[in-house]
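Q: Okay, so here is entry.tsv, and as you'll see once you scroll down, it has TSV, C-alpha atoms.
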chain	number	residue	atom	x	y	z
A	1	MET	CA	35.34	4.57	-33.14
A	2	VAL	CA	34.42	1.46	-31.19
A	3	ARG	CA	30.82	0.33	-31.73
A	4	ILE	CA	29.05	-0.38	-28.45
A	5	VAL	CA	26.92	-3.51	-28.57
A	6	LYS	CA	24.35	-3.80	-25.81
A	7	LYS	CA	22.40	-6.83	-24.70
A	8	PRO	CA	18.88	-6.94	-26.21
A	9	GLU	CA	17.09	-6.51	-22.89
A	10	GLU	CA	19.35	-3.63	-21.89
A	11	ARG	CA	18.79	-1.88	-25.22
A	12	LYS	CA	15.03	-2.42	-25.02
A	13	ASN	CA	14.84	-0.97	-21.52
A	14	GLU	CA	16.96	1.98	-22.63
A	15	ILE	CA	14.49	2.74	-25.42
A	16	ILE	CA	11.52	2.43	-23.05
A	17	SER	CA	13.14	4.79	-20.53
A	18	ALA	CA	13.98	7.41	-23.16
A	19	ALA	CA	10.50	7.20	-24.69
A	20	CYS	CA	8.89	7.59	-21.25
A	21	GLN	CA	10.79	10.81	-20.60
A	22	LEU	CA	9.93	12.21	-24.01
A	23	PHE	CA	6.25	11.25	-23.75
A	24	LEU	CA	6.01	12.96	-20.37
A	25	LYS	CA	7.86	16.14	-21.33
A	26	LYS	CA	6.52	16.65	-24.87
A	27	GLY	CA	3.27	14.66	-24.78
A	28	TYR	CA	2.68	11.39	-26.60
A	29	ASP	CA	1.17	12.99	-29.72
A	30	ASN	CA	4.07	15.45	-30.01
A	31	THR	CA	6.76	12.79	-29.72
A	32	THR	CA	8.07	10.91	-32.75
A	33	MET	CA	10.03	7.72	-33.08
A	34	ALA	CA	12.72	9.81	-34.76
A	35	GLN	CA	13.08	11.89	-31.59
A	36	VAL	CA	13.53	8.75	-29.50
A	37	MET	CA	16.18	7.54	-31.95
A	38	LYS	CA	17.97	10.90	-31.83
A	39	THR	CA	17.95	10.93	-28.03
A	40	LEU	CA	19.67	7.55	-27.92
A	41	ASN	CA	21.67	7.98	-31.12
A	42	ILE	CA	20.39	4.70	-32.52
A	43	ALA	CA	19.38	3.66	-36.03
A	44	LYS	CA	15.81	3.28	-37.27
A	45	GLY	CA	16.34	-0.44	-37.68
A	46	THR	CA	17.26	-0.74	-34.01
A	47	ILE	CA	14.16	0.86	-32.56
A	48	TYR	CA	11.83	-0.93	-34.98
A	49	HIS	CA	13.49	-4.23	-34.16
A	50	TYR	CA	12.01	-3.93	-30.66
A	51	PHE	CA	8.85	-1.92	-31.31
A	52	SER	CA	6.71	-2.08	-34.43
A	53	SER	CA	5.15	1.37	-33.87
A	54	LYS	CA	4.92	4.31	-31.47
A	55	GLU	CA	1.71	2.77	-30.12
A	56	ASP	CA	3.63	-0.43	-29.38
A	57	LEU	CA	6.30	1.61	-27.62
A	58	LEU	CA	3.69	3.44	-25.54
A	59	GLU	CA	2.26	0.11	-24.41
A	60	ALA	CA	5.73	-1.00	-23.32
A	61	VAL	CA	6.26	2.25	-21.41
A	62	VAL	CA	2.92	1.93	-19.62
A	63	CYS	CA	3.51	-1.73	-18.74
A	64	SER	CA	7.01	-0.97	-17.45
A	65	ILE	CA	5.75	1.74	-15.09
A	66	ALA	CA	2.83	-0.44	-13.95
A	67	GLU	CA	5.18	-3.36	-13.26
A	68	ASP	CA	7.46	-1.16	-11.14
A	69	GLU	CA	4.46	0.10	-9.16
A	70	GLN	CA	3.20	-3.45	-8.72
A	71	ALA	CA	6.59	-4.54	-7.39
A	72	ARG	CA	6.49	-1.68	-4.85
A	73	LEU	CA	3.01	-2.67	-3.67
A	74	GLN	CA	3.93	-6.36	-3.55
A	75	GLU	CA	6.93	-5.53	-1.36
A	76	ALA	CA	4.70	-3.55	1.01
A	77	TYR	CA	2.20	-6.41	1.04
A	78	ASP	CA	4.86	-9.06	1.77
A	79	SER	CA	6.66	-7.05	4.44
A	80	HIS	CA	3.66	-6.46	6.71
A	81	GLN	CA	2.44	-9.24	9.01
A	82	GLY	CA	-0.48	-7.50	10.74
A	83	THR	CA	-4.16	-8.35	10.68
A	84	VAL	CA	-6.21	-8.43	7.50
A	85	LEU	CA	-7.59	-4.95	8.22
A	86	GLU	CA	-4.14	-3.54	8.98
A	87	ARG	CA	-2.65	-4.97	5.78
A	88	LEU	CA	-5.57	-3.73	3.71
A	89	HIS	CA	-5.16	-0.27	5.23
A	90	LEU	CA	-1.45	-0.35	4.39
A	91	LEU	CA	-2.18	-1.40	0.82
A	92	VAL	CA	-4.72	1.37	0.27
A	93	MET	CA	-2.42	4.03	1.70
A	94	SER	CA	0.57	2.75	-0.29
A	95	SER	CA	-1.50	2.78	-3.48
A	96	SER	CA	-2.68	6.33	-2.92
A	97	HIS	CA	0.74	7.82	-2.13
A	98	PRO	CA	3.41	7.97	-4.86
A	99	PRO	CA	6.94	6.69	-4.22
A	100	GLU	CA	9.32	9.30	-2.84
A	101	GLY	CA	11.00	11.30	-5.59
A	102	HIS	CA	8.25	10.70	-8.19
A	103	GLU	CA	6.57	14.10	-7.77
A	104	ASP	CA	7.96	15.50	-11.03
A	105	PHE	CA	6.92	12.37	-12.88
A	106	LEU	CA	3.33	12.67	-11.63
A	107	GLU	CA	3.20	16.37	-12.45
A	108	ASP	CA	4.21	15.60	-16.04
A	109	LEU	CA	1.78	12.69	-16.24
A	110	HIS	CA	-1.07	15.01	-15.22
A	111	GLN	CA	-0.46	17.32	-18.18
A	112	THR	CA	-3.34	17.43	-20.67
A	113	ALA	CA	-1.10	16.10	-23.44
A	114	ASN	CA	-0.55	12.92	-21.41
A	115	THR	CA	-4.17	12.10	-20.58
A	116	GLY	CA	-4.22	9.06	-22.85
A	117	MET	CA	-1.01	7.69	-21.36
A	118	HIS	CA	-2.32	8.44	-17.86
A	119	ILE	CA	-5.58	6.53	-18.39
A	120	ARG	CA	-3.78	3.53	-19.87
A	121	LEU	CA	-1.36	3.48	-16.98
A	122	LEU	CA	-4.13	3.57	-14.38
A	123	SER	CA	-5.89	0.72	-16.18
A	124	GLN	CA	-2.73	-1.40	-16.11
A	125	ILE	CA	-2.15	-0.62	-12.44
A	126	LEU	CA	-5.75	-1.59	-11.65
A	127	ILE	CA	-5.39	-4.93	-13.45
A	128	ARG	CA	-2.18	-5.75	-11.57
A	129	GLN	CA	-3.19	-4.54	-8.10
A	130	ALA	CA	-6.74	-5.87	-7.88
A	131	PRO	CA	-5.60	-9.47	-7.16
A	132	LEU	CA	-3.63	-8.25	-4.12
A	133	TYR	CA	-6.72	-6.59	-2.67
A	134	ALA	CA	-8.82	-9.62	-3.58
A	135	ARG	CA	-6.46	-11.89	-1.65
A	136	LEU	CA	-6.96	-9.83	1.50
A	137	ILE	CA	-10.72	-9.64	1.03
A	138	GLU	CA	-10.82	-13.44	0.63
A	139	GLU	CA	-8.80	-13.81	3.81
A	140	GLY	CA	-11.19	-11.42	5.56
A	141	CYS	CA	-14.12	-13.53	4.38
A	142	ASP	CA	-12.48	-16.65	5.78
A	143	GLU	CA	-12.12	-14.90	9.14
A	144	GLY	CA	-15.71	-13.66	9.11
A	145	ILE	CA	-14.75	-9.97	8.83
A	146	PHE	CA	-16.09	-9.58	5.29
A	147	SER	CA	-18.75	-11.39	3.32
A	148	THR	CA	-18.74	-11.42	-0.48
A	149	SER	CA	-18.74	-13.98	-3.26
A	150	HIS	CA	-16.86	-11.58	-5.56
A	151	PRO	CA	-13.60	-10.44	-3.92
A	152	LEU	CA	-11.84	-9.68	-7.19
A	153	GLU	CA	-14.73	-7.67	-8.59
A	154	CYS	CA	-15.02	-5.77	-5.30
A	155	SER	CA	-11.32	-4.93	-5.58
A	156	GLU	CA	-11.73	-3.74	-9.14
A	157	PHE	CA	-14.66	-1.50	-8.17
A	158	LEU	CA	-12.68	-0.03	-5.27
A	159	LEU	CA	-9.60	0.70	-7.35
A	160	SER	CA	-11.62	2.06	-10.26
A	161	ALA	CA	-13.31	4.52	-7.93
A	162	ILE	CA	-10.05	5.65	-6.34
A	163	HIS	CA	-8.18	5.99	-9.63
A	164	PHE	CA	-10.81	7.38	-11.96
A	165	LEU	CA	-13.24	9.31	-9.76
A	166	THR	CA	-10.68	11.19	-7.67
A	167	ASP	CA	-7.77	11.82	-10.03
A	168	ARG	CA	-7.57	15.37	-11.35
A	169	GLY	CA	-5.20	14.17	-14.04
A	170	ILE	CA	-8.20	12.38	-15.57
A	171	HIS	CA	-10.72	15.18	-15.09
A	172	PRO	CA	-10.60	18.60	-13.39
A	173	TRP	CA	-12.94	17.58	-10.57
A	174	THR	CA	-14.04	20.36	-8.24
A	175	GLU	CA	-13.36	20.29	-4.51
A	176	GLU	CA	-17.07	19.66	-3.93
A	177	GLN	CA	-17.12	16.65	-6.27
A	178	LEU	CA	-14.05	15.12	-4.67
A	179	THR	CA	-15.22	15.79	-1.13
A	180	ARG	CA	-18.66	14.23	-1.55
A	181	ARG	CA	-17.11	11.12	-3.12
A	182	TRP	CA	-14.55	10.61	-0.38
A	183	GLN	CA	-17.23	11.17	2.25
A	184	ALA	CA	-19.34	8.45	0.65
A	185	PHE	CA	-16.56	5.94	-0.04
A	186	PRO	CA	-16.27	4.48	3.50
A	187	ASP	CA	-19.94	3.49	3.61
A	188	LEU	CA	-19.93	2.30	-0.01
A	189	VAL	CA	-16.89	0.06	0.46
A	190	THR	CA	-18.25	-1.21	3.78
A	191	SER	CA	-21.48	-2.22	2.03
A	192	LEU	CA	-19.57	-3.74	-0.88
A	193	VAL	CA	-17.77	-6.28	1.31
A	194	ASN	CA	-20.27	-6.35	4.22
A	195	ALA	CA	-17.67	-5.11	6.69
A	196	PRO	CA	-18.32	-3.80	10.23
A	197	LYS	CA	-19.41	-0.16	10.32
A	198	GLY	CA	-16.45	2.22	10.50
A	199	THR	CA	-13.96	-0.25	9.01
A	200	PHE	CA	-13.05	2.02	6.11
A	201	ASP	CA	-13.44	5.46	7.73
A	202	TYR	CA	-9.75	6.08	7.03
A	203	LEU	CA	-10.52	6.44	3.33
A	204	GLN	CA	-11.65	10.01	4.05
A	205	ASP	CA	-8.15	10.83	5.29
A	206	ILE	CA	-6.56	10.09	1.90
A	207	PHE	CA	-8.06	13.22	0.41
A	208	GLN	CA	-7.82	16.52	2.24
A	209	PRO	CA	-9.80	19.31	0.56
A	210	THR	CA	-7.85	22.50	0.02
A	211	THR	CA	-9.19	25.81	1.21
A	212	ASP	CA	-8.80	29.23	-0.37
Step by step, read the file and then write its structure as structure tokens.
A:
Amino acid sequence: MVRIVKKPEERKNEIISAACQLFLKKGYDNTTMAQVMKTLNIAKGTIYHYFSSKEDLLEAVVCSIAEDEQARLQEAYDSHQGTVLERLHLLVMSSSHPPEGHEDFLEDLHQTANTGMHIRLLSQILIRQAPLYARLIEEGCDEGIFSTSHPLECSEFLLSAIHFLTDRGIHPWTEEQLTRRWQAFPDLVTSLVNAPKGTFDYLQDIFQPTTD
């Protein structure tokens, strides 16, 4: 039998991909390094050559997903040449809507067993995306549309609110809790960056309350 030797980066990515699928389907706590090894038919020495522990592997999985999402947002950011407000709108809408075909992934991520992984992923996404928002807020300040001495911090507050106060994968918020937050967000964000009234009214359109 011919032994297949893969390049280090290829093998590492293969392990990350397999671990991601197992974490999502079985839950992080219910997944073992042995199960990842069995899935890929690799030796213990191979997986521990790249990752010192399951915690280390989880961090790699989270960072890999966050990097892919960042690349998607960066592409959207680079491809649009509209005004500051138009590009900011595009960025917010792109951030709030998952890539096509990722519905099953998000459903698995929202399982109770994956709450820890979910929170860590949102934190990584926030860290990576905030500078993109900050760049647009800075540009808006230069043009006199916004006024703030803390564009990065404003971005972090905005993303934290969107990710952690409206995500039912983090907490089973009620319709009333979600609705009152989205109704308040336009005015709150407007005040945060001293924007013209009505600038962020579209934030209410991101969330549509369901009715019985």
Q: Any idea what the distance is between CA of Phe146 (chain A) and CA of Gln204 (chain A)?
A: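 These atoms are spaced 20.1 Å apart.
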Q: Do a neighbour search on Leu122 (chain A) at 9 Å with only C-alpha atoms, toss out local chain neighbours closer than 5 positions, and write the hits as JSON, numbers by chain.
A: {"A": [62, 66, 117, 127, 160, 163, 164]}
Q: Between A:Lys54, A:Ile125, A:Cys20, A:Ser147, single out the one closest to Met33 (chain A), counting only C-alpha atoms.
A: A:Lys54
Q: If you count all atoms listed in the file, which residues fall within 10 Å of Leu165 (chain A), apart from same-chain ones fewer than 6 positions away, as JSON, numbers by chain?
A: {"A": [159, 171, 173, 177, 178, 181, 182]}
Q: In Å, rounded to a single decimal, give me how far CA of Ala113 (chain A) is from CA of Ser53 (chain A).
A: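 Distance reported for this atom pair: 19.1 Å.
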Q: Please, what distance in Å, to one decimal, runs between CA of His118 (chain A) and CA of Ile170 (chain A)?
A: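 Answer for the CA of His118 (chain A) to CA of Ile170 (chain A) separation: 7.4 Å.
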Q: Residues near Lys25 (chain A), anyone? I mean within 12 Å using all atoms listed in the file, not counting same-chain ones fewer than 4 positions away, as a list of chain:residue names.
A: A:Ala18, A:Ala19, A:Cys20, A:Gln21, A:Asp29, A:Asn30, A:Thr31, A:Asp104, A:Phe105, A:Leu106, A:Glu107, A:Asp108, A:Leu109, A:His110, A:Gln111, A:Thr112, A:Ala113, A:Asn114
